[in-house]
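query-v1.cif (mmCIF, C-alpha atoms) appears below.
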```cif
data_my_file
#
loop_
_atom_site.label_atom_id
_atom_site.label_comp_id
_atom_site.auth_asym_id
_atom_site.auth_seq_id
_atom_site.Cartn_x
_atom_site.Cartn_y
_atom_site.Cartn_z
CA MET A 71 0.20 28.98 -14.82
CA THR A 72 1.77 30.20 -18.07
CA ALA A 73 1.50 28.40 -21.41
CA ALA A 74 5.20 27.47 -21.16
CA ASN A 75 4.70 25.88 -17.74
CA ARG A 76 1.66 23.97 -18.98
CA SER A 77 3.68 22.70 -21.93
CA ILE A 78 6.49 21.53 -19.64
CA GLY A 79 3.97 19.80 -17.34
CA SER A 80 2.24 18.01 -20.21
CA ARG A 81 5.56 16.81 -21.65
CA LEU A 82 6.62 15.54 -18.23
CA LEU A 83 3.40 13.56 -17.86
CA ARG A 84 3.91 12.01 -21.29
CA ASN A 85 7.36 10.82 -20.24
CA LYS A 86 6.98 7.35 -18.70
CA SER A 87 10.11 7.68 -16.54
CA ALA A 88 8.97 11.03 -15.19
CA LEU A 89 5.46 9.70 -14.56
CA PHE A 90 6.86 6.74 -12.60
CA GLY A 91 9.09 9.07 -10.58
CA LEU A 92 6.24 11.46 -9.85
CA ILE A 93 3.96 8.60 -8.74
CA VAL A 94 6.61 7.24 -6.35
CA ILE A 95 7.42 10.70 -4.99
CA GLY A 96 3.72 11.56 -4.61
CA ALA A 97 3.08 8.28 -2.78
CA ALA A 98 6.07 8.94 -0.50
CA ILE A 99 4.71 12.41 0.35
CA VAL A 100 1.26 11.00 1.16
CA VAL A 101 2.83 8.30 3.37
CA ALA A 102 5.03 10.87 5.12
CA VAL A 103 2.06 13.07 5.96
CA THR A 104 -0.28 10.28 7.10
CA ALA A 105 2.34 7.90 8.52
CA TYR A 106 1.00 7.82 12.09
CA PHE A 107 -2.52 7.13 10.87
CA ILE A 108 -1.66 4.25 8.54
CA ALA A 109 1.21 2.62 10.45
CA PRO A 110 0.33 -0.54 12.43
CA ASP A 111 2.35 0.93 15.31
CA PRO A 112 1.26 4.58 15.73
CA SER A 113 3.31 5.18 18.87
CA PRO A 114 5.93 7.98 18.73
CA ASP A 115 8.78 6.90 16.42
CA ALA A 116 7.05 3.49 16.06
CA ASN A 117 9.07 2.51 19.11
CA ARG A 118 6.81 -0.15 20.65
CA ILE A 119 9.43 -2.58 21.99
CA ILE A 120 8.37 -6.22 22.48
CA VAL A 121 11.65 -8.07 22.91
CA GLU A 122 10.02 -11.52 23.02
CA ILE A 123 9.20 -11.34 19.30
CA GLY A 124 12.44 -9.74 18.09
CA GLY A 125 13.91 -10.68 14.71
CA ARG A 126 10.80 -12.33 13.24
CA ARG A 127 10.28 -13.00 9.55
CA PRO A 128 7.83 -11.12 7.29
CA GLY A 129 4.24 -12.30 7.74
CA PHE A 130 4.77 -13.30 11.37
CA ARG A 131 1.52 -13.38 13.38
CA GLN A 132 1.26 -13.09 17.14
CA LEU A 133 -1.57 -13.12 19.66
CA PHE A 134 -1.40 -10.26 22.18
CA LEU A 135 -3.01 -9.44 25.49
CA LEU A 136 -3.53 -5.68 25.57
CA LEU A 137 -3.44 -4.72 29.23
CA LYS A 138 -4.50 -1.18 30.08
CA LYS A 139 -1.66 0.88 31.56
CA GLU A 140 -2.06 2.16 35.10
CA ARG A 141 -0.93 5.63 34.06
CA GLN A 142 -2.81 6.64 30.93
CA PRO A 143 -1.09 9.04 28.49
CA ALA A 144 -2.57 12.48 28.08
CA PRO A 145 -5.00 12.83 25.17
CA VAL A 146 -3.52 14.40 22.02
CA GLY A 147 -5.13 16.49 19.32
CA PHE A 148 -5.31 15.74 15.62
CA PHE A 149 -2.27 17.77 14.58
CA SER A 150 -0.16 16.53 17.48
CA ARG A 151 -0.97 12.97 16.51
CA LEU A 152 -0.27 13.77 12.86
CA LEU A 153 3.21 15.03 13.73
CA ASN A 154 4.28 12.81 16.63
CA GLY A 155 1.86 9.89 16.93
CA ARG A 156 0.12 8.83 20.12
CA GLU A 157 1.46 6.87 23.08
CA ASP A 158 -0.01 3.41 23.59
CA ARG A 159 -2.79 3.20 26.14
CA TYR A 160 -2.22 -0.55 26.47
CA GLU A 161 0.78 -2.71 27.28
CA TYR A 162 1.32 -5.35 24.59
CA ILE A 163 1.97 -8.81 26.08
CA PRO A 164 2.58 -11.65 23.61
CA ILE A 165 0.63 -14.79 24.54
CA ASP A 166 0.05 -18.26 23.12
CA SER A 167 -3.44 -18.81 24.54
CA TYR A 168 -5.91 -17.49 27.11
CA THR A 169 -8.91 -18.64 29.14
CA THR A 170 -11.29 -16.98 31.56
CA GLN A 171 -12.12 -18.38 34.99
CA ARG A 172 -14.73 -16.49 37.02
CA ASP A 173 -13.23 -13.02 37.52
CA SER A 174 -9.73 -13.92 36.27
CA LEU A 175 -8.03 -14.03 32.89
CA ILE A 176 -5.51 -16.87 32.58
CA VAL A 177 -2.88 -16.52 29.82
CA LEU A 178 0.19 -18.40 28.68
CA LYS A 179 2.69 -15.61 28.05
CA PHE A 180 5.02 -16.20 25.12
CA ILE A 181 8.67 -16.01 26.24
CA ASP A 182 10.44 -17.76 23.36
CA ASP A 183 9.77 -20.59 20.98
CA GLY A 184 8.62 -23.46 23.19
CA VAL A 185 8.91 -21.38 26.38
CA GLU A 186 5.76 -20.09 28.11
CA GLU A 187 4.80 -18.57 31.44
CA ARG A 188 1.37 -18.87 33.04
CA ARG A 189 -0.07 -15.60 34.30
CA SER A 190 -3.35 -14.53 35.87
CA TYR A 191 -5.00 -11.09 35.66
CA SER A 192 -8.08 -9.73 37.35
CA MET A 193 -10.80 -9.01 34.80
CA ALA A 194 -11.89 -6.00 36.86
CA ALA A 195 -8.45 -4.40 37.04
CA GLY A 196 -7.92 -1.00 35.49
CA ARG A 197 -11.50 0.20 35.55
CA GLU A 198 -10.70 2.93 38.02
CA THR A 199 -8.17 4.64 35.72
CA ASP A 200 -10.48 5.11 32.73
CA PRO A 201 -13.87 3.40 32.83
CA SER A 202 -14.43 4.15 29.14
CA LEU A 203 -11.63 1.73 28.18
CA PRO A 204 -11.86 -2.01 28.75
CA ALA A 205 -9.25 -3.32 31.19
CA TRP A 206 -7.87 -5.70 28.60
CA GLN A 207 -8.26 -6.80 24.99
CA ILE A 208 -7.13 -9.77 22.95
CA LYS A 209 -5.68 -8.93 19.55
CA THR A 210 -3.89 -10.81 16.76
CA GLN A 211 -1.37 -8.71 14.85
CA THR A 212 0.42 -9.54 11.62
CA PHE A 213 3.90 -8.10 11.09
CA TRP A 214 3.99 -7.89 7.31
CA LEU A 215 7.71 -7.09 7.12
CA GLY A 216 8.69 -8.78 10.37
CA THR A 217 10.18 -7.27 13.51
CA ASP A 218 13.66 -5.97 14.33
CA LYS A 219 15.83 -7.26 17.17
CA TYR A 220 13.90 -5.14 19.65
CA GLY A 221 10.54 -6.50 18.51
CA ARG A 222 9.49 -3.28 16.76
CA ASP A 223 7.34 -3.45 13.64
CA ILE A 224 9.55 -2.95 10.56
CA LEU A 225 6.66 -1.77 8.35
CA SER A 226 5.70 0.99 10.79
CA ARG A 227 9.28 2.24 11.11
CA LEU A 228 9.66 2.08 7.34
CA LEU A 229 6.56 4.23 6.82
CA ILE A 230 7.54 6.81 9.43
CA GLY A 231 11.18 6.77 8.26
CA VAL A 232 10.17 8.20 4.87
CA ARG A 233 9.72 11.52 6.70
CA VAL A 234 13.43 11.72 7.42
CA SER A 235 14.42 10.98 3.81
CA LEU A 236 12.02 13.52 2.32
CA SER A 237 12.84 16.12 4.97
CA VAL A 238 16.59 15.84 4.48
CA GLY A 239 16.14 16.06 0.71
CA LEU A 240 13.88 19.11 0.92
CA VAL A 241 16.01 21.04 3.42
CA THR A 242 19.20 20.14 1.56
CA VAL A 243 17.82 21.26 -1.79
CA LEU A 244 16.52 24.54 -0.37
CA LEU A 245 19.83 25.24 1.37
CA SER A 246 22.02 24.21 -1.56
CA LEU A 247 19.91 26.23 -4.02
CA SER A 248 19.93 29.31 -1.78
CA VAL A 249 23.72 29.30 -1.39
CA GLY A 250 24.61 27.95 -4.83
CA VAL A 251 22.32 30.18 -6.90
CA LEU A 252 23.37 33.32 -5.02
CA LEU A 253 27.13 32.70 -5.21
CA GLY A 254 27.01 31.37 -8.77
CA ALA A 255 24.97 34.35 -9.95
CA LEU A 256 27.30 36.85 -8.28
CA ALA A 257 30.37 35.15 -9.75
CA GLY A 258 28.96 35.01 -13.28
CA TYR A 259 27.49 38.50 -13.30
CA PHE A 260 30.24 40.57 -11.70
CA ARG A 261 33.22 38.43 -12.82
CA GLY A 262 36.64 39.78 -11.95
CA ARG A 263 37.67 39.64 -8.30
CA VAL A 264 34.28 38.38 -7.10
CA ASP A 265 34.43 35.50 -9.58
CA GLU A 266 37.96 34.56 -8.51
CA ILE A 267 37.08 34.47 -4.80
CA ILE A 268 33.92 32.40 -5.31
CA LEU A 269 35.67 29.99 -7.70
CA TRP A 270 38.46 29.54 -5.17
CA LEU A 271 35.87 28.68 -2.49
CA VAL A 272 34.11 26.25 -4.86
CA ASN A 273 37.40 24.51 -5.67
CA VAL A 274 38.32 24.22 -1.98
CA ILE A 275 34.94 22.71 -1.07
CA TRP A 276 35.05 20.43 -4.10
CA SER A 277 38.48 19.10 -3.16
CA ILE A 278 37.22 17.77 0.19
CA PRO A 279 35.43 14.37 0.09
CA THR A 280 31.73 14.84 0.84
CA LEU A 281 31.60 12.57 3.89
CA LEU A 282 34.69 14.15 5.43
CA LEU A 283 33.20 17.60 4.95
CA VAL A 284 29.90 16.48 6.49
CA PHE A 285 31.79 14.99 9.46
CA ALA A 286 33.66 18.28 9.95
CA ILE A 287 30.46 20.32 9.89
CA MET A 288 28.73 17.93 12.27
CA LEU A 289 31.66 18.18 14.69
CA LEU A 290 30.82 21.88 14.88
CA LEU A 291 27.03 21.49 14.96
CA GLY A 292 26.77 18.22 16.91
CA LYS A 293 24.66 15.14 16.25
CA GLY A 294 20.96 15.53 15.68
CA PHE A 295 18.02 15.69 13.32
CA TRP A 296 18.43 19.23 11.94
CA GLN A 297 22.21 19.19 12.15
CA VAL A 298 22.28 16.40 9.56
CA PHE A 299 20.17 18.44 7.15
CA ILE A 300 22.31 21.55 7.48
CA ALA A 301 25.58 19.63 7.16
CA ILE A 302 24.48 17.88 3.96
CA GLY A 303 23.01 21.08 2.49
CA LEU A 304 26.29 22.93 3.03
CA THR A 305 28.17 20.33 0.98
CA LEU A 306 25.94 20.11 -2.10
CA TRP A 307 25.80 23.78 -3.16
CA VAL A 308 29.01 23.70 -5.23
CA ASN A 309 27.41 21.96 -8.23
CA VAL A 310 24.60 24.52 -8.23
CA ALA A 311 27.04 27.42 -8.01
CA ARG A 312 29.20 26.13 -10.87
CA ILE A 313 26.22 25.58 -13.19
CA VAL A 314 24.57 28.93 -12.38
CA ARG A 315 27.86 30.76 -12.92
CA GLY A 316 28.25 29.24 -16.38
CA GLN A 317 24.66 30.02 -17.33
CA VAL A 318 24.89 33.61 -16.11
CA LEU A 319 28.16 34.14 -18.00
CA ALA A 320 26.40 33.07 -21.21
CA VAL A 321 23.26 35.13 -20.63
CA ARG A 322 24.74 38.40 -19.30
CA GLU A 323 25.78 39.47 -22.81
CA ARG A 324 22.33 38.95 -24.38
CA GLU A 325 20.51 41.87 -25.95
CA TYR A 326 17.76 42.08 -23.33
CA VAL A 327 20.37 42.37 -20.56
CA GLU A 328 22.13 45.14 -22.47
CA ALA A 329 18.78 46.86 -22.89
CA ALA A 330 18.11 46.63 -19.16
CA ARG A 331 21.50 48.22 -18.44
CA ALA A 332 20.79 50.98 -20.95
CA LEU A 333 17.52 51.72 -19.16
CA GLY A 334 19.46 52.24 -15.94
CA TYR A 335 18.12 49.24 -14.02
CA SER A 336 20.05 48.25 -10.89
CA HIS A 337 22.32 45.22 -10.81
CA ARG A 338 19.94 43.51 -8.39
CA ARG A 339 16.95 43.94 -10.71
CA ILE A 340 18.88 42.81 -13.78
CA LEU A 341 20.27 39.78 -12.00
CA PHE A 342 17.19 38.56 -10.14
CA ARG A 343 14.38 39.62 -12.49
CA HIS A 344 15.94 39.28 -15.93
CA ILE A 345 18.86 36.82 -15.79
CA LEU A 346 18.09 34.20 -13.15
CA PRO A 347 14.57 33.32 -14.37
CA ASN A 348 16.12 32.43 -17.75
CA VAL A 349 18.87 30.14 -16.40
CA MET A 350 16.90 28.04 -13.89
CA GLY A 351 16.29 25.06 -16.18
CA PRO A 352 19.61 23.33 -15.40
CA VAL A 353 19.18 24.25 -11.73
CA TRP A 354 15.97 22.20 -11.44
CA VAL A 355 17.78 19.21 -12.93
CA VAL A 356 20.59 19.57 -10.37
CA ALA A 357 18.02 20.03 -7.60
CA ALA A 358 16.47 16.64 -8.39
CA SER A 359 19.94 15.08 -8.40
CA ASN A 360 20.82 16.77 -5.09
CA PHE A 361 17.59 15.47 -3.57
CA ALA A 362 18.61 11.90 -4.42
CA SER A 363 22.18 12.48 -3.23
CA ALA A 364 20.97 13.88 0.09
CA ILE A 365 18.86 10.78 0.75
CA VAL A 366 21.85 8.51 0.13
CA ILE A 367 24.23 10.64 2.23
CA GLU A 368 21.78 10.79 5.15
CA ALA A 369 21.34 7.01 5.02
CA GLY A 370 25.12 6.58 5.02
CA LEU A 371 25.56 8.94 7.97
CA SER A 372 22.82 7.19 9.95
CA PHE A 373 24.40 3.82 9.15
CA LEU A 374 27.71 5.11 10.52
CA GLY A 375 25.96 6.35 13.67
CA VAL A 376 26.47 10.10 13.18
CA GLY A 377 23.15 10.89 11.51
CA VAL A 378 19.64 10.60 12.89
CA GLN A 379 19.80 9.18 16.41
CA PRO A 380 17.66 6.36 17.88
CA PRO A 381 14.84 5.78 18.50
CA GLN A 382 13.81 8.02 15.60
CA PRO A 383 13.35 5.77 12.55
CA SER A 384 15.71 6.38 9.65
CA TRP A 385 16.21 3.95 6.78
CA GLY A 386 19.99 4.10 7.15
CA LEU A 387 19.71 3.51 10.89
CA MET A 388 17.37 0.56 10.28
CA ILE A 389 19.99 -1.02 8.01
CA LYS A 390 22.65 -0.49 10.68
CA GLU A 391 20.51 -2.11 13.39
CA ASN A 392 19.62 -5.15 11.27
CA TYR A 393 22.40 -5.70 8.72
CA ASN A 394 23.73 -8.70 10.65
CA PHE A 395 20.47 -10.52 9.82
CA ILE A 396 21.43 -10.49 6.11
CA ILE A 397 23.73 -13.48 6.57
CA THR A 398 21.55 -15.20 9.16
CA HIS A 399 17.88 -16.12 9.07
CA ASN A 400 16.04 -12.88 8.23
CA PRO A 401 17.65 -10.69 5.54
CA MET A 402 14.43 -8.71 4.91
CA LEU A 403 15.02 -6.66 8.07
CA ALA A 404 17.88 -4.87 6.32
CA LEU A 405 16.77 -5.33 2.71
CA ALA A 406 13.40 -3.58 3.19
CA PRO A 407 14.87 -0.15 4.10
CA GLY A 408 17.58 -0.65 1.48
CA LEU A 409 14.97 -1.26 -1.23
CA ALA A 410 13.01 1.79 -0.01
CA ILE A 411 16.12 3.98 -0.36
CA MET A 412 16.79 2.57 -3.82
CA LEU A 413 13.22 3.16 -5.01
CA LEU A 414 13.03 6.77 -3.78
CA VAL A 415 16.48 7.67 -5.14
CA LEU A 416 15.57 6.07 -8.48
CA ALA A 417 12.37 8.13 -8.62
CA PHE A 418 14.24 11.42 -8.17
CA ASN A 419 16.93 10.45 -10.66
CA LEU A 420 14.32 9.51 -13.27
CA LEU A 421 12.54 12.80 -12.64
CA GLY A 422 15.81 14.69 -13.04
CA ASN A 423 16.59 12.92 -16.32
CA ALA A 424 13.11 13.71 -17.62
CA LEU A 425 13.47 17.37 -16.61
CA ARG A 426 16.75 17.51 -18.49
CA ASP A 427 15.07 16.21 -21.65
CA VAL A 428 11.96 18.40 -21.32
CA LEU A 429 13.90 21.59 -20.56
CA ASN A 430 16.47 20.75 -23.25
CA VAL A 431 19.36 21.14 -20.84
CA LYS A 432 22.75 20.50 -22.43
CA ALA A 433 25.10 18.31 -20.44
#
```
For this file, write the structure as structure tokens.
Amino acid sequence: MTAANRSIGSRLLRNKSALFGLIVIGAAIVVAVTAYFIAPDPSPDANRIIVEIGGRRPGFRQLFLLLKKERQPAPVGFFSRLLNGREDRYEYIPIDSYTTQRDSLIVLKFIDDGVEERRSYSMAAGRETDPSLPAWQIKTQTFWLGTDKYGRDILSRLLIGVRVSLSVGLVTVLLSLSVGVLLGALAGYFRGRVDEIILWLVNVIWSIPTLLLVFAIMLLLGKGFWQVFIAIGLTLWVNVARIVRGQVLAVREREYVEAARALGYSHRRILFRHILPNVMGPVWVVAASNFASAIVIEAGLSFLGVGVQPPQPSWGLMIKENYNFIITHNPMLALAPGLAIMLLVLAFNLLGNALRDVLNVKA
């Protein structure tokens, strides 16, 4: 790490806004990586559906009978569980109470408030499928943020949903920087006809509303996880291209660039080794802004039903599935993912503002 980079890092850490943003972003990254190990529901996509307890308030507690499934899921390794979670080995049955009589387990299954059903289970059942697992367990679970209308744990889906937001931001930033820096650098360095063509393309893309352009791209690519990332990335490169073009236009006449030309260096070497490293300050600021914009756009697309598809958890999709609870009895079902979006977007915007101040980028 160079002295200049160390100086930038130390100034960022002294900036309270940047420090707050970095803490939030760092925490989000840790949660995204370890989501299936810390989530109360570690099943794939946190999609454990228990319709009897749908739409419950934060802090709701429920007693469950965990009944071993007849067909046990295949064992998964550490990395597979890290990426995709692990299927439940037990069926979760909500109950109000239970008793044991000889070789039977008697439970009152919870159907709805004030509605119960008496059921009996053999205490010896299930031993033949996997003797190492007990046939049944009794467990009390607290749903700290409540459950959605399907009875899924909101906290678990919130934790796993951070992966989508960070992934869409990362892929979008990489794609927008790759396209924007390349086209902006070519336009600013070569000028003339190349500049006119690239500026025309930038103006055309800029004239189309972002959501309409995303819809058009997704009509070509189809709905899906990666299609959303590509569509958003292909709409956010114009800001990068415009800024890089302006910076390259200002730098290409500097003495060190003239010296490089006099030494006979190729255009590629001059552009990528001498010019671009000296104009990247504003680009990092725009990258932080694009990261925040991508999170908001993805949430909007998922809310409209053309983004990430169920049952994969996305914060925008969670708002769509539960927004009707805002005006009824449980607004937290939609407010929790909304607050998560707000906090993560705020963190990236604060980081971008701090980078602008530290790098002395002129607006």
Check your understanding: Where does the PyMOL selection byres ((chain A and resi 222) around 10) land in this file, that is, which residues does it pick, as number ranges by chain?
Key -> A: 111, 116-121, 123-126, 213, 216-221, 223-227
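Interatomic distance, atom CA of Ile95 of chain A against atom CA of Gly377 of chain A: 22.8 Å.
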Report, as JSON, the centre and edge lengths in Å (one decimal) of the axis-aligned box enclosing every listed atom of segment 283-301 of chain A, padded by 3 Å on each side.
```
{"center_x": 25.8, "center_y": 18.4, "center_z": 10.9, "size_x": 21.6, "size_y": 12.9, "size_z": 18.0}
```
Check your understanding: Leu152 of chain A: which residues within 12 Å, counting all atoms listed in the file, same-chain residues fewer than 2 positions away excluded, as an NGL selection string?
Key -> :A and (101-109 or 112-115 or 146-150 or 154-156 or 230 or 233)
Atoms to include: C-alpha atoms. Write the selected residues as a short mmCIF file (atom, residue, chain, number, x, y, z; two decimals), in the frame of the given file.
```
data_model
loop_
_atom_site.label_atom_id
_atom_site.label_comp_id
_atom_site.auth_asym_id
_atom_site.auth_seq_id
_atom_site.Cartn_x
_atom_site.Cartn_y
_atom_site.Cartn_z
CA VAL A 101 2.83 8.30 3.37
CA ALA A 102 5.03 10.87 5.12
CA VAL A 103 2.06 13.07 5.96
CA THR A 104 -0.28 10.28 7.10
CA ALA A 105 2.34 7.90 8.52
CA TYR A 106 1.00 7.82 12.09
CA PHE A 107 -2.52 7.13 10.87
CA ILE A 108 -1.66 4.25 8.54
CA ALA A 109 1.21 2.62 10.45
CA PRO A 112 1.26 4.58 15.73
CA SER A 113 3.31 5.18 18.87
CA PRO A 114 5.93 7.98 18.73
CA ASP A 115 8.78 6.90 16.42
CA VAL A 146 -3.52 14.40 22.02
CA GLY A 147 -5.13 16.49 19.32
CA PHE A 148 -5.31 15.74 15.62
CA PHE A 149 -2.27 17.77 14.58
CA SER A 150 -0.16 16.53 17.48
CA ASN A 154 4.28 12.81 16.63
CA GLY A 155 1.86 9.89 16.93
CA ARG A 156 0.12 8.83 20.12
CA ILE A 230 7.54 6.81 9.43
CA ARG A 233 9.72 11.52 6.70
#
```
**Study point:** Reference answer for the PyMOL selection byres ((chain A and resi 381-394) around 10), as a PyMOL selection string
**Key:** chain A and resi 114-117+125+217-220+224+226-235+295+365-380+395-411
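Residues surrounding Phe418 of chain A within 10 Å are Ala88, Phe90, Gly91, Leu92, Val94, Ile95, Val355, Ala357, Ala358, Ser359, Asn360, Phe361, Ala362, Ser363, Leu413, Leu414, Val415, Leu421, Gly422, Asn423 and Ala424 of chain A [only C-alpha atoms; sequence separation below 3 positions excluded].
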Exercise for review: Using only C-alpha atoms, find the one residue out of A:Ile181, A:Ala97, A:Leu89, A:Leu136 that sits nearest to Leu203 of chain A.
Suggested key: A:Leu136
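Atom to atom, atom CA of Asp166 of chain A and atom CA of Lys209 of chain A stand 11.5 Å apart.
Non-sequential neighbours of Arg338 of chain A (distance at most 12 Å, separation of 3 or more positions within a chain, all atoms listed in the file) are Leu252, Ala255, Leu256, Tyr259, Phe260, Ala330, Arg331, Gly334, Tyr335, Leu341, Phe342, Arg343, His344, Ile345 and Leu346 of chain A.
We find atom CA of Val428 of chain A and atom CA of Arg339 of chain A to be spaced 28.1 Å apart.
Distance annotation: of A:Leu244, A:Ile278, A:Leu416, A:Leu137, the residue with the minimal separation from Val177 of chain A is A:Leu137; atom set is all atoms listed in the file.
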Point to revise | 12 Å contact set for Ala320 of chain A, all atoms listed in the file, chain neighbours under 3 positions out, as a list in words | key: Ala255, Gly258, Tyr259, Ile313, Val314, Arg315, Gly316, Gln317, Glu323, Arg324, Glu325, Val327, Ile345, Leu346, Asn348 and Val349 of chain A
Just C-alpha atoms for this one: save the residues we selected as a compact mmCIF listing (two decimals), in the coordinates of the input.
```txt
# COMPACT_ATOMS: atom_id res chain seq x y z
CA ALA A 255 24.97 34.35 -9.95
CA GLY A 258 28.96 35.01 -13.28
CA TYR A 259 27.49 38.50 -13.30
CA ILE A 313 26.22 25.58 -13.19
CA VAL A 314 24.57 28.93 -12.38
CA ARG A 315 27.86 30.76 -12.92
CA GLY A 316 28.25 29.24 -16.38
CA GLN A 317 24.66 30.02 -17.33
CA GLU A 323 25.78 39.47 -22.81
CA ARG A 324 22.33 38.95 -24.38
CA GLU A 325 20.51 41.87 -25.95
CA VAL A 327 20.37 42.37 -20.56
CA ILE A 345 18.86 36.82 -15.79
CA LEU A 346 18.09 34.20 -13.15
CA ASN A 348 16.12 32.43 -17.75
CA VAL A 349 18.87 30.14 -16.40
```
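Nearest to Glu122 of chain A of all the residues A:Arg426, A:Lys179, A:Arg81, A:Arg188 is A:Lys179, based on all atoms listed in the file.
Within 10 Å of the point (14.6, 17.6, 3.0), and counting all atoms listed in the file, the protein, DNA and RNA residues are A:Arg233, A:Val234, A:Ser235, A:Leu236, A:Ser237, A:Val238, A:Gly239, A:Leu240, A:Val241, A:Thr242, A:Val243, A:Leu244, A:Leu245, A:Trp296, A:Phe299, A:Ile300, A:Ile302, A:Gly303, A:Phe361, A:Ala364, A:Ile365.
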